[in-house]
file input04.cif (mmCIF, C-alpha atoms)
data_protein
loop_
_atom_site.label_atom_id
_atom_site.label_comp_id
_atom_site.auth_asym_id
_atom_site.auth_seq_id
_atom_site.Cartn_x
_atom_site.Cartn_y
_atom_site.Cartn_z
CA MET A 1431 -14.18 21.97 -24.60
CA ASN A 1432 -15.01 24.43 -21.85
CA THR A 1433 -18.39 22.87 -21.11
CA GLU A 1434 -16.79 19.47 -20.98
CA ALA A 1435 -14.21 20.64 -18.47
CA LYS A 1436 -17.01 22.14 -16.38
CA ALA A 1437 -18.92 18.88 -16.51
CA GLY A 1438 -15.79 17.12 -15.34
CA ASN A 1439 -15.48 19.49 -12.40
CA GLU A 1440 -19.13 19.09 -11.48
CA ARG A 1441 -18.61 15.39 -11.17
CA GLU A 1442 -16.16 16.11 -8.36
CA GLN A 1443 -18.81 17.97 -6.37
CA PRO A 1444 -20.54 16.38 -3.38
CA GLY A 1445 -22.82 13.51 -4.32
CA ALA A 1446 -26.25 12.57 -3.02
CA PRO A 1447 -26.67 11.48 0.64
CA GLY A 1448 -27.26 7.89 -0.47
CA ASP A 1449 -23.82 8.09 -2.03
CA LEU A 1450 -22.29 8.79 1.39
CA ARG A 1451 -24.02 5.84 2.98
CA ALA A 1452 -22.87 3.46 0.24
CA SER A 1453 -19.26 4.72 0.60
CA LEU A 1454 -19.37 4.31 4.38
CA LEU A 1455 -20.64 0.76 4.03
CA LYS A 1456 -17.92 0.01 1.47
CA TYR A 1457 -15.16 1.32 3.75
CA ALA A 1458 -16.54 -0.49 6.80
CA GLY A 1459 -16.67 -3.69 4.76
CA GLY A 1460 -13.09 -3.13 3.62
CA LEU A 1461 -11.94 -2.58 7.20
CA ALA A 1462 -13.74 -5.72 8.41
CA LEU A 1463 -12.26 -7.83 5.61
CA ALA A 1464 -8.76 -6.47 6.25
CA ILE A 1465 -9.05 -7.17 10.00
CA ILE A 1466 -10.27 -10.72 9.36
CA LEU A 1467 -7.47 -11.42 6.88
CA THR A 1468 -4.85 -9.98 9.26
CA LEU A 1469 -6.05 -12.04 12.21
CA VAL A 1470 -6.22 -15.19 10.09
CA SER A 1471 -2.65 -14.74 8.88
CA PHE A 1472 -1.41 -14.15 12.45
CA TRP A 1473 -3.32 -17.25 13.56
CA VAL A 1474 -1.92 -19.34 10.69
CA SER A 1475 1.64 -18.35 11.63
CA GLU A 1476 1.37 -19.28 15.33
CA SER A 1477 -1.04 -22.20 15.56
CA GLY A 1478 0.24 -25.56 14.40
CA ALA A 1479 -3.11 -26.36 12.85
CA VAL A 1480 -1.82 -25.92 9.31
CA TRP A 1481 0.68 -28.31 7.72
CA PRO A 1482 4.05 -26.48 8.13
CA GLY A 1483 4.93 -26.79 4.45
CA GLY A 1484 1.76 -24.98 3.46
CA VAL A 1485 2.13 -22.05 5.87
CA PRO A 1486 4.24 -19.78 3.60
CA VAL A 1487 1.92 -20.38 0.64
CA LEU A 1488 -1.14 -19.68 2.78
CA LEU A 1489 0.45 -16.51 4.22
CA ALA A 1490 1.28 -15.30 0.71
CA ALA A 1491 -2.28 -15.97 -0.45
CA LEU A 1492 -3.71 -14.12 2.56
CA ALA A 1493 -1.38 -11.14 1.99
CA ILE A 1494 -2.29 -10.94 -1.70
CA ALA A 1495 -5.99 -11.15 -0.80
CA GLN A 1496 -5.58 -8.31 1.69
CA MET A 1497 -3.71 -6.18 -0.84
CA GLY A 1498 -6.57 -6.83 -3.26
CA VAL A 1499 -9.10 -5.71 -0.65
CA HIS A 1500 -7.13 -2.49 -0.11
CA LEU A 1501 -6.85 -1.87 -3.85
CA LEU A 1502 -10.54 -2.42 -4.54
CA LEU A 1503 -12.19 -0.84 -1.52
CA PHE A 1504 -9.76 1.88 -0.43
CA LEU A 1505 -7.85 2.81 -3.60
CA HIS A 1506 -10.94 2.38 -5.85
CA ILE A 1507 -9.11 0.44 -8.51
CA SER A 1508 -11.92 -0.99 -10.62
CA SER A 1509 -12.49 -2.07 -14.19
CA GLY A 1510 -14.36 1.14 -15.09
CA PRO A 1511 -13.48 2.99 -18.31
CA GLU A 1512 -11.68 5.77 -16.38
CA ASN A 1513 -9.52 3.13 -14.72
CA THR A 1514 -8.06 1.44 -17.78
CA ASN A 1515 -4.77 3.32 -17.51
CA ASN A 1516 -4.58 2.64 -13.77
CA ILE A 1517 -5.11 -1.09 -14.34
CA MET A 1518 -2.48 -1.23 -17.08
CA SER A 1519 0.13 0.53 -14.97
CA LEU A 1520 -0.77 -1.67 -11.99
CA ALA A 1521 -0.20 -4.74 -14.15
CA PHE A 1522 3.20 -3.41 -15.22
CA GLY A 1523 4.09 -2.53 -11.61
CA VAL A 1524 3.18 -6.03 -10.40
CA PHE A 1525 5.23 -7.50 -13.24
CA VAL A 1526 8.34 -5.51 -12.24
CA VAL A 1527 7.88 -6.29 -8.53
CA VAL A 1528 7.57 -10.03 -9.18
CA LEU A 1529 10.56 -9.93 -11.52
CA VAL A 1530 12.77 -8.11 -8.99
CA ILE A 1531 11.83 -10.17 -5.92
CA PHE A 1532 11.65 -13.66 -7.39
CA GLY A 1533 14.49 -13.02 -9.82
CA SER A 1534 16.75 -12.05 -6.89
CA MET A 1535 15.63 -15.07 -4.89
CA ILE A 1536 16.28 -17.51 -7.74
CA ILE A 1537 19.65 -16.03 -8.67
CA MET A 1538 20.91 -15.86 -5.07
CA HIS A 1539 19.67 -19.37 -4.30
CA SER A 1540 21.41 -20.68 -7.40
CA LEU A 1541 24.65 -18.93 -6.37
CA ASP A 1542 24.33 -20.36 -2.84
CA THR A 1543 23.99 -23.91 -4.07
CA ARG A 1544 26.93 -23.54 -6.48
CA MET A 1545 29.33 -22.42 -3.73
CA ASN A 1546 29.89 -25.88 -2.30
CA ASP A 1547 33.62 -25.37 -1.75
CA MET A 1548 33.04 -22.42 0.54
CA PRO A 1549 31.96 -22.73 4.16
CA ALA A 1550 28.17 -22.88 4.34
CA SER A 1551 27.81 -19.68 6.34
CA PRO A 1552 29.94 -16.57 5.80
CA HIS A 1553 30.40 -15.86 9.50
CA ALA A 1554 32.57 -18.95 9.92
CA THR A 1555 35.48 -17.14 8.28
CA MET A 1556 34.54 -13.49 8.75
CA ALA A 1557 34.03 -12.61 12.39
CA MET A 1558 32.11 -9.42 12.87
CA PRO A 1559 33.85 -6.85 15.07
CA MET B 623 -34.60 1.90 -56.97
CA SER B 624 -37.69 2.78 -55.02
CA THR B 625 -36.45 1.03 -51.90
CA VAL B 626 -33.49 3.35 -51.74
CA VAL B 627 -35.81 6.36 -51.85
CA ASP B 628 -38.11 4.86 -49.26
CA ASN B 629 -35.29 4.25 -46.79
CA PRO B 630 -33.57 7.55 -46.21
CA VAL B 631 -30.08 7.50 -44.82
CA GLN B 632 -30.31 6.83 -41.09
CA THR B 633 -28.03 8.55 -38.66
CA ILE B 634 -26.32 5.92 -36.57
CA THR B 635 -25.28 7.16 -33.15
CA ARG B 636 -21.95 5.66 -32.27
CA PRO B 637 -20.11 6.31 -29.00
CA VAL B 638 -17.47 8.99 -29.39
CA PRO B 639 -14.07 7.30 -29.74
CA VAL B 640 -11.67 7.79 -26.84
CA SER B 641 -9.31 9.71 -29.12
CA GLN B 642 -12.00 12.35 -29.83
CA ARG B 643 -13.40 12.87 -26.34
CA GLY B 644 -10.93 15.57 -25.38
CA PRO B 645 -8.86 15.61 -22.21
CA ALA B 646 -10.01 13.48 -19.29
CA PRO B 647 -11.41 15.29 -16.24
CA ARG B 648 -8.81 16.85 -13.98
CA HIS B 649 -9.31 14.45 -11.05
CA VAL B 650 -8.78 11.43 -13.32
CA VAL B 651 -5.51 12.82 -14.67
CA THR B 652 -4.26 13.82 -11.21
CA THR B 653 -5.00 10.48 -9.58
CA TYR B 654 -3.38 8.69 -12.54
CA GLY B 655 -0.17 10.66 -12.03
CA MET B 656 -0.23 9.95 -8.29
CA TRP B 657 -0.88 6.29 -9.01
CA LEU B 658 2.17 6.16 -11.31
CA PHE B 659 4.30 7.70 -8.54
CA LEU B 660 2.97 5.19 -5.99
CA LEU B 661 3.65 2.26 -8.30
CA SER B 662 7.22 3.39 -8.86
CA ASP B 663 7.55 3.77 -5.07
CA ILE B 664 6.33 0.18 -4.67
CA VAL B 665 8.85 -0.97 -7.28
CA MET B 666 11.57 0.67 -5.15
CA PHE B 667 10.21 -1.16 -2.10
CA SER B 668 10.40 -4.41 -4.04
CA ALA B 669 14.19 -3.99 -4.30
CA PHE B 670 14.38 -3.66 -0.49
CA PHE B 671 12.09 -6.69 -0.11
CA ALA B 672 14.33 -8.68 -2.45
CA ALA B 673 17.44 -7.67 -0.47
CA PHE B 674 15.79 -8.62 2.82
CA VAL B 675 14.54 -12.00 1.57
CA VAL B 676 17.96 -12.86 0.16
CA LEU B 677 19.79 -11.85 3.35
CA ARG B 678 17.24 -13.21 5.82
CA ASP B 679 19.22 -16.28 6.89
CA HIS B 680 22.61 -14.53 7.05
CA THR B 681 22.56 -13.65 10.72
CA ALA B 682 26.36 -13.88 11.13
CA GLY B 683 25.92 -15.65 14.47
CA GLY B 684 23.74 -12.83 15.72
CA PRO B 685 20.12 -13.00 16.81
CA ALA B 686 17.55 -14.21 14.28
CA GLY B 687 14.13 -12.70 13.72
CA HIS B 688 12.07 -14.96 15.98
CA ALA B 689 14.28 -14.01 18.94
CA LEU B 690 13.90 -10.27 18.30
CA PHE B 691 10.31 -9.68 17.19
CA HIS B 692 7.28 -9.61 19.46
CA ARG B 693 4.01 -10.82 18.04
CA GLN B 694 1.93 -8.39 20.13
CA THR B 695 3.92 -5.36 18.94
CA VAL B 696 3.48 -6.33 15.31
CA LEU B 697 -0.24 -6.92 15.80
CA ALA B 698 -0.60 -3.50 17.48
CA GLU B 699 1.35 -1.80 14.66
CA THR B 700 -0.80 -3.51 12.05
CA ALA B 701 -3.98 -2.47 13.87
CA CYS B 702 -2.77 1.15 13.99
CA LEU B 703 -2.17 1.23 10.24
CA LEU B 704 -5.40 -0.59 9.37
CA PHE B 705 -7.57 1.77 11.41
CA SER B 706 -5.65 4.79 10.15
CA SER B 707 -6.37 3.58 6.62
CA PHE B 708 -10.07 3.52 7.51
CA SER B 709 -9.97 6.99 9.07
CA CYS B 710 -8.10 8.20 5.97
CA ALA B 711 -10.95 6.88 3.81
CA LEU B 712 -13.35 8.84 6.05
CA LEU B 713 -11.11 11.87 5.52
CA GLY B 714 -11.61 11.43 1.77
CA LEU B 715 -15.39 11.35 2.29
CA GLY B 716 -15.26 14.48 4.45
CA VAL B 717 -13.36 16.30 1.70
CA GLU B 718 -15.74 15.01 -0.96
CA HIS B 719 -18.71 16.44 0.95
CA ARG B 720 -16.81 19.63 1.91
CA HIS B 721 -17.46 18.95 5.59
CA LYS B 722 -14.80 20.65 7.71
CA LEU B 723 -15.53 19.04 11.07
CA ALA B 724 -15.54 15.50 9.63
CA THR B 725 -12.31 16.28 7.76
CA TYR B 726 -10.53 17.53 10.88
CA GLY B 727 -11.81 14.65 13.02
CA ALA B 728 -10.75 11.97 10.53
CA ALA B 729 -7.38 13.68 9.98
CA ALA B 730 -6.78 13.86 13.76
CA ALA B 731 -7.58 10.14 14.08
CA THR B 732 -5.22 9.36 11.20
CA LEU B 733 -2.45 11.43 12.77
CA VAL B 734 -2.89 9.86 16.24
CA LEU B 735 -2.85 6.33 14.81
CA GLY B 736 0.17 7.15 12.64
CA ALA B 737 1.97 8.58 15.67
CA ALA B 738 1.13 5.46 17.69
CA PHE B 739 2.57 3.33 14.90
CA MET B 740 5.75 5.41 14.77
CA THR B 741 6.14 5.25 18.57
CA LEU B 742 5.85 1.46 18.56
CA GLU B 743 8.29 1.10 15.69
CA VAL B 744 10.88 3.53 17.05
CA SER B 745 10.77 1.92 20.50
CA GLU B 746 11.23 -1.49 18.84
CA PHE B 747 14.25 -0.16 16.92
CA MET B 748 15.74 1.47 20.04
CA HIS B 749 15.32 -1.75 22.00
CA MET B 750 17.00 -3.80 19.27
CA ILE B 751 19.92 -1.37 19.03
CA ALA B 752 20.25 -1.33 22.84
CA ILE B 753 20.65 -5.12 23.02
CA GLY B 754 23.32 -5.05 20.32
CA ALA B 755 21.11 -6.00 17.38
CA GLY B 756 21.63 -2.80 15.41
CA PRO B 757 21.85 -2.55 11.63
CA GLY B 758 25.60 -3.19 11.73
CA ARG B 759 25.32 -6.54 13.48
CA SER B 760 24.52 -8.78 10.51
CA ALA B 761 23.34 -8.73 6.92
CA PHE B 762 19.91 -9.85 8.09
CA LEU B 763 19.62 -6.87 10.44
CA SER B 764 20.90 -4.46 7.76
CA GLY B 765 18.17 -5.66 5.45
CA PHE B 766 15.60 -5.48 8.23
CA PHE B 767 16.43 -1.92 9.28
CA ALA B 768 16.60 -0.76 5.65
CA LEU B 769 13.22 -2.21 4.69
CA VAL B 770 11.22 -1.48 7.85
CA GLY B 771 12.98 1.86 8.35
CA LEU B 772 12.14 2.92 4.79
CA HIS B 773 8.50 2.13 5.45
CA GLY B 774 8.66 4.10 8.72
CA ILE B 775 10.13 7.10 6.87
CA HIS B 776 7.21 6.90 4.43
CA VAL B 777 4.73 6.96 7.33
CA ALA B 778 6.51 9.94 8.91
CA CYS B 779 6.50 11.82 5.58
CA GLY B 780 2.80 11.04 5.18
CA MET B 781 2.06 12.52 8.61
CA LEU B 782 4.01 15.66 7.72
CA TRP B 783 2.09 15.90 4.44
CA LEU B 784 -1.23 15.56 6.27
CA ILE B 785 -0.32 18.34 8.71
CA VAL B 786 0.55 20.63 5.78
CA MET B 787 -2.74 19.74 4.09
CA LEU B 788 -4.68 20.54 7.27
CA ALA B 789 -3.02 23.95 7.34
CA GLN B 790 -4.11 24.45 3.72
CA VAL B 791 -7.70 23.45 4.54
CA ALA B 792 -7.67 25.89 7.46
CA THR B 793 -6.30 28.81 5.43
CA LEU B 794 -7.52 28.16 1.87
CA GLY B 795 -10.67 26.14 2.52
CA PHE B 796 -11.82 23.41 0.15
CA LEU B 797 -10.46 24.82 -3.07
CA PRO B 798 -10.49 22.24 -5.89
CA LYS B 799 -6.70 22.03 -5.78
CA VAL B 800 -6.69 21.48 -2.01
CA ALA B 801 -9.32 18.75 -2.37
CA ARG B 802 -7.26 17.10 -5.12
CA ARG B 803 -4.14 17.16 -2.94
CA LEU B 804 -6.06 15.56 -0.10
CA GLN B 805 -7.28 12.80 -2.42
CA CYS B 806 -3.66 12.23 -3.47
CA PHE B 807 -2.70 12.02 0.19
CA ALA B 808 -5.41 9.39 0.75
CA LEU B 809 -4.01 7.34 -2.15
CA TYR B 810 -0.50 7.62 -0.66
CA TRP B 811 -1.63 6.55 2.81
CA HIS B 812 -3.49 3.50 1.46
CA ALA B 813 -0.46 2.53 -0.64
CA ILE B 814 1.74 2.70 2.49
CA ASP B 815 -0.72 0.37 4.18
CA ILE B 816 -0.47 -2.07 1.27
CA VAL B 817 3.32 -2.06 1.64
CA TRP B 818 2.89 -2.77 5.37
CA VAL B 819 0.82 -5.86 4.54
CA GLY B 820 3.87 -7.13 2.67
CA VAL B 821 6.21 -6.12 5.51
CA PHE B 822 4.34 -7.84 8.32
CA THR B 823 3.81 -10.97 6.25
CA VAL B 824 7.34 -11.33 4.87
CA VAL B 825 9.43 -9.87 7.72
CA TYR B 826 7.53 -10.68 10.92
CA LEU B 827 5.24 -13.63 10.22
CA GLY B 828 7.96 -15.14 8.04
CA ALA B 829 10.28 -15.05 11.07
CA PHE B 830 7.75 -16.69 13.39
CA THR B 831 7.05 -19.68 11.18
#
call {"tool": "encode", "arguments": {"input": "input04.cif", "output": "structure tokens"}}
result
Amino acid sequence: MNTEAKAGNEREQPGAPGDLRASLLKYAGGLALAIILTLVSFWVSESGAVWPGGVPVLLAALAIAQMGVHLLLFLHISSGPENTNNIMSLAFGVFVVVLVIFGSMIIMHSLDTRMNDMPASPHATMAMP
Amino acid sequence: MSTVVDNPVQTITRPVPVSQRGPAPRHVVTTYGMWLFLLSDIVMFSAFFAAFVVLRDHTAGGPAGHALFHRQTVLAETACLLFSSFSCALLGLGVEHRHKLATYGAAAATLVLGAAFMTLEVSEFMHMIAIGAGPGRSAFLSGFFALVGLHGIHVACGMLWLIVMLAQVATLGFLPKVARRLQCFALYWHAIDIVWVGVFTVVYLGAFT
């Protein structure tokens, strides 16, 4: 048990110089990808080149891609054996996030459409001070 | 009968099952705990995102997003956080190689970029409040200030954490526990950046389209 713990600690020690170079390249690649994805999503939102109906979908896809880049290259989430627990909890976290956001959107949209008798916008009856 | 004697029992080497390998190395356990905290933090953010998305169109006659937000400011804020994420990754490398100068340099860059981000965001908030678009103006602005303000508080806390960690590096050196804390900080900072990707897409770019 003790030797195993020591082996585990040794793995945390500085790696070979080639290791450093590979990490630097990985981070630079991650930065470049993130910059490209950011600029593309800003461009998509301002230029009229994309069909307006597709803009939100494209922005969502770009944002998810950028989050994936951050997860893989900066947070080191991979499919390695030490990462199984991280992946499982990430999957659960994504599940809860999707449930909360899209569940709220669907429920509130449904309530909005059912309130036909009321004025369309709340500020028509309730003036803010 | 003779074949059994001729073939002695062979020892088959199987990989040790996960349940018999003993505890995982310390850095794996620590980063897993930090990862669980970050995921629960992101789940909390998702509630604020949901509130903002639901309330986005309820401006109560007040200004809407496209009249308040400036594309250049958002781009500058995003650049600050992206480059600070990169310098934070370099900070992790400096800690991994126990290199003090690289660690201090990367940490200083992270702090400067974080401070630039906070300055931009606070000045944006002050400007909005000054022109009467404060959090009390409409449901949309309440949701906006809650979501973006919560993210700003996370950035400010991260900067405070980094300053404390630098003091620990200066006084304690690269003890294993100090190195582990710095790796946790790097995870936190990258997670904040991931949340910002959601914020600038949903809040700002969503308002411009």
call {"tool": "resolve_selection", "arguments": {"input": "input04.cif", "expression": "the PyMOL selection byres ((chain B and resi 820-824) around 10)", "output": "PyMOL selection string"}}
result
(chain A and resi 1468+1471-1472+1475+1486+1489-1490+1492-1494+1496-1497) or (chain B and resi 667-668+671+674-675+696-697+699-700+766+769-770+773+815-819+825-830)
call {"tool": "residues_around", "arguments": {"input": "input04.cif", "residues": "stretch 1498-1506 of chain A", "least_positions_apart": "2", "cutoff": "10 Å", "atoms": "all atoms listed in the file", "output": "ChimeraX atom specification"}}
result
/A:1453,1456-1461,1463-1464,1467,1492-1496,1508-1510,1513 /B:657,704,707-708,710-711,714,808-813,815-816,819
call {"tool": "residues_around", "arguments": {"input": "input04.cif", "residues": "A:Asn1516", "least_positions_apart": "3", "cutoff": "12 Å", "atoms": "only C-alpha atoms", "output": "ChimeraX atom specification"}}
result
/A:1501,1505-1513,1519-1523 /B:650-661
call {"tool": "atom_distance", "arguments": {"input": "input04.cif", "atom1": "atom CA of A:Val1485", "atom2": "atom CA of B:Ile814"}}
result
25.0 Å
call {"tool": "atom_distance", "arguments": {"input": "input04.cif", "atom1": "atom CA of B:Pro647", "atom2": "atom CA of B:Leu804"}}
result
17.0 Å
call {"tool": "closest_residue", "arguments": {"input": "input04.cif", "among": "A:Met1535, A:Ser1540, A:Gly1484, A:Met1545", "to": "chain B", "atoms": "only C-alpha atoms"}}
result
A:Met1535
call {"tool": "residues_around", "arguments": {"input": "input04.cif", "residues": "B:Ile785", "least_positions_apart": "5", "cutoff": "10 Å", "atoms": "all atoms listed in the file", "output": "list of chain:residue names"}}
result
B:Ala729, B:Ala730, B:Leu733, B:Cys779, B:Gly780, B:Gln790, B:Val791
call {"tool": "closest_residue", "arguments": {"input": "input04.cif", "among": "B:Met740, B:Ala689, B:Leu797, B:Met781", "to": "chain A", "atoms": "all atoms listed in the file"}}
result
B:Leu797
call {"tool": "atom_distance", "arguments": {"input": "input04.cif", "atom1": "atom CA of B:Ala731", "atom2": "atom CA of B:Glu746"}}
result
22.6 Å
call {"tool": "residues_around", "arguments": {"input": "input04.cif", "residues": "B:Ala737", "least_positions_apart": "3", "cutoff": "9 Å", "atoms": "all atoms listed in the file", "output": "list in words"}}
result
Cys702, Thr732, Leu733, Val734, Met740, Thr741, Leu742, Val777, Ala778 and Met781 of chain B
call {"tool": "residues_near_point", "arguments": {"input": "input04.cif", "point": "(15.2, -16.5, 9.9)", "cutoff": "9 Å", "atoms": "all atoms listed in the file", "output": "count of residues only"}}
result
12
call {"tool": "resolve_selection", "arguments": {"input": "input04.cif", "expression": "the PyMOL selection byres ((chain B and resi 715-720) around 7)", "output": "number ranges by chain"}}
result
A: 1443-1444; B: 711-714, 721-722, 724-725, 796, 801
call {"tool": "build_atoms", "arguments": {"input": "input04.cif", "residues": "stretch 1510-1535 of chain A", "atoms": "N, CA and C atoms", "output": "mmCIF file, keeping the file's coordinate frame"}}
result
data_model
loop_
_atom_site.group_PDB
_atom_site.id
_atom_site.type_symbol
_atom_site.label_atom_id
_atom_site.label_comp_id
_atom_site.auth_asym_id
_atom_site.auth_seq_id
_atom_site.Cartn_x
_atom_site.Cartn_y
_atom_site.Cartn_z
ATOM 1 N N GLY A 1510 -13.628 0.097 -14.382
ATOM 2 C CA GLY A 1510 -14.360 1.140 -15.090
ATOM 3 C C GLY A 1510 -13.537 1.752 -16.202
ATOM 4 N N PRO A 1511 -14.192 2.442 -17.149
ATOM 5 C CA PRO A 1511 -13.480 2.990 -18.310
ATOM 6 C C PRO A 1511 -12.412 4.020 -17.906
ATOM 7 N N GLU A 1512 -12.660 4.768 -16.795
ATOM 8 C CA GLU A 1512 -11.680 5.770 -16.380
ATOM 9 C C GLU A 1512 -10.454 5.107 -15.748
ATOM 10 N N ASN A 1513 -10.570 3.806 -15.470
ATOM 11 C CA ASN A 1513 -9.520 3.130 -14.720
ATOM 12 C C ASN A 1513 -8.606 2.290 -15.589
ATOM 13 N N THR A 1514 -8.842 2.323 -16.921
ATOM 14 C CA THR A 1514 -8.060 1.440 -17.780
ATOM 15 C C THR A 1514 -6.562 1.698 -17.629
ATOM 16 N N ASN A 1515 -6.191 2.991 -17.626
ATOM 17 C CA ASN A 1515 -4.770 3.320 -17.510
ATOM 18 C C ASN A 1515 -4.220 2.870 -16.157
ATOM 19 N N ASN A 1516 -5.037 3.058 -15.091
ATOM 20 C CA ASN A 1516 -4.580 2.640 -13.770
ATOM 21 C C ASN A 1516 -4.320 1.136 -13.723
ATOM 22 N N ILE A 1517 -5.244 0.370 -14.353
ATOM 23 C CA ILE A 1517 -5.110 -1.090 -14.340
ATOM 24 C C ILE A 1517 -3.850 -1.497 -15.113
ATOM 25 N N MET A 1518 -3.641 -0.856 -16.276
ATOM 26 C CA MET A 1518 -2.480 -1.230 -17.080
ATOM 27 C C MET A 1518 -1.185 -0.940 -16.339
ATOM 28 N N SER A 1519 -1.109 0.228 -15.679
ATOM 29 C CA SER A 1519 0.130 0.530 -14.970
ATOM 30 C C SER A 1519 0.283 -0.354 -13.741
ATOM 31 N N LEU A 1520 -0.854 -0.731 -13.115
ATOM 32 C CA LEU A 1520 -0.770 -1.670 -11.990
ATOM 33 C C LEU A 1520 -0.211 -3.004 -12.453
ATOM 34 N N ALA A 1521 -0.689 -3.465 -13.623
ATOM 35 C CA ALA A 1521 -0.200 -4.740 -14.150
ATOM 36 C C ALA A 1521 1.310 -4.667 -14.392
ATOM 37 N N PHE A 1522 1.767 -3.551 -14.970
ATOM 38 C CA PHE A 1522 3.200 -3.410 -15.220
ATOM 39 C C PHE A 1522 3.972 -3.355 -13.899
ATOM 40 N N GLY A 1523 3.419 -2.620 -12.907
ATOM 41 C CA GLY A 1523 4.090 -2.530 -11.610
ATOM 42 C C GLY A 1523 4.223 -3.896 -10.953
ATOM 43 N N VAL A 1524 3.136 -4.689 -10.985
ATOM 44 C CA VAL A 1524 3.180 -6.030 -10.400
ATOM 45 C C VAL A 1524 4.216 -6.885 -11.130
ATOM 46 N N PHE A 1525 4.261 -6.741 -12.450
ATOM 47 C CA PHE A 1525 5.230 -7.500 -13.240
ATOM 48 C C PHE A 1525 6.659 -7.182 -12.792
ATOM 49 N N VAL A 1526 6.976 -5.887 -12.637
ATOM 50 C CA VAL A 1526 8.340 -5.510 -12.240
ATOM 51 C C VAL A 1526 8.638 -6.004 -10.828
ATOM 52 N N VAL A 1527 7.659 -5.857 -9.909
ATOM 53 C CA VAL A 1527 7.880 -6.290 -8.530
ATOM 54 C C VAL A 1527 8.173 -7.782 -8.475
ATOM 55 N N VAL A 1528 7.361 -8.574 -9.188
ATOM 56 C CA VAL A 1528 7.570 -10.030 -9.180
ATOM 57 C C VAL A 1528 8.927 -10.364 -9.773
ATOM 58 N N LEU A 1529 9.279 -9.672 -10.861
ATOM 59 C CA LEU A 1529 10.560 -9.930 -11.520
ATOM 60 C C LEU A 1529 11.723 -9.645 -10.557
ATOM 61 N N VAL A 1530 11.663 -8.502 -9.865
ATOM 62 C CA VAL A 1530 12.770 -8.110 -8.990
ATOM 63 C C VAL A 1530 12.886 -9.086 -7.813
ATOM 64 N N ILE A 1531 11.759 -9.368 -7.142
ATOM 65 C CA ILE A 1531 11.830 -10.170 -5.920
ATOM 66 C C ILE A 1531 12.180 -11.625 -6.244
ATOM 67 N N PHE A 1532 11.409 -12.241 -7.147
ATOM 68 C CA PHE A 1532 11.650 -13.660 -7.390
ATOM 69 C C PHE A 1532 12.910 -13.877 -8.214
ATOM 70 N N GLY A 1533 13.226 -12.921 -9.105
ATOM 71 C CA GLY A 1533 14.490 -13.020 -9.820
ATOM 72 C C GLY A 1533 15.671 -13.013 -8.862
ATOM 73 N N SER A 1534 15.660 -12.095 -7.879
ATOM 74 C CA SER A 1534 16.750 -12.050 -6.890
ATOM 75 C C SER A 1534 16.811 -13.343 -6.112
ATOM 76 N N MET A 1535 15.637 -13.846 -5.695
ATOM 77 C CA MET A 1535 15.630 -15.070 -4.890
ATOM 78 C C MET A 1535 16.222 -16.233 -5.670
#
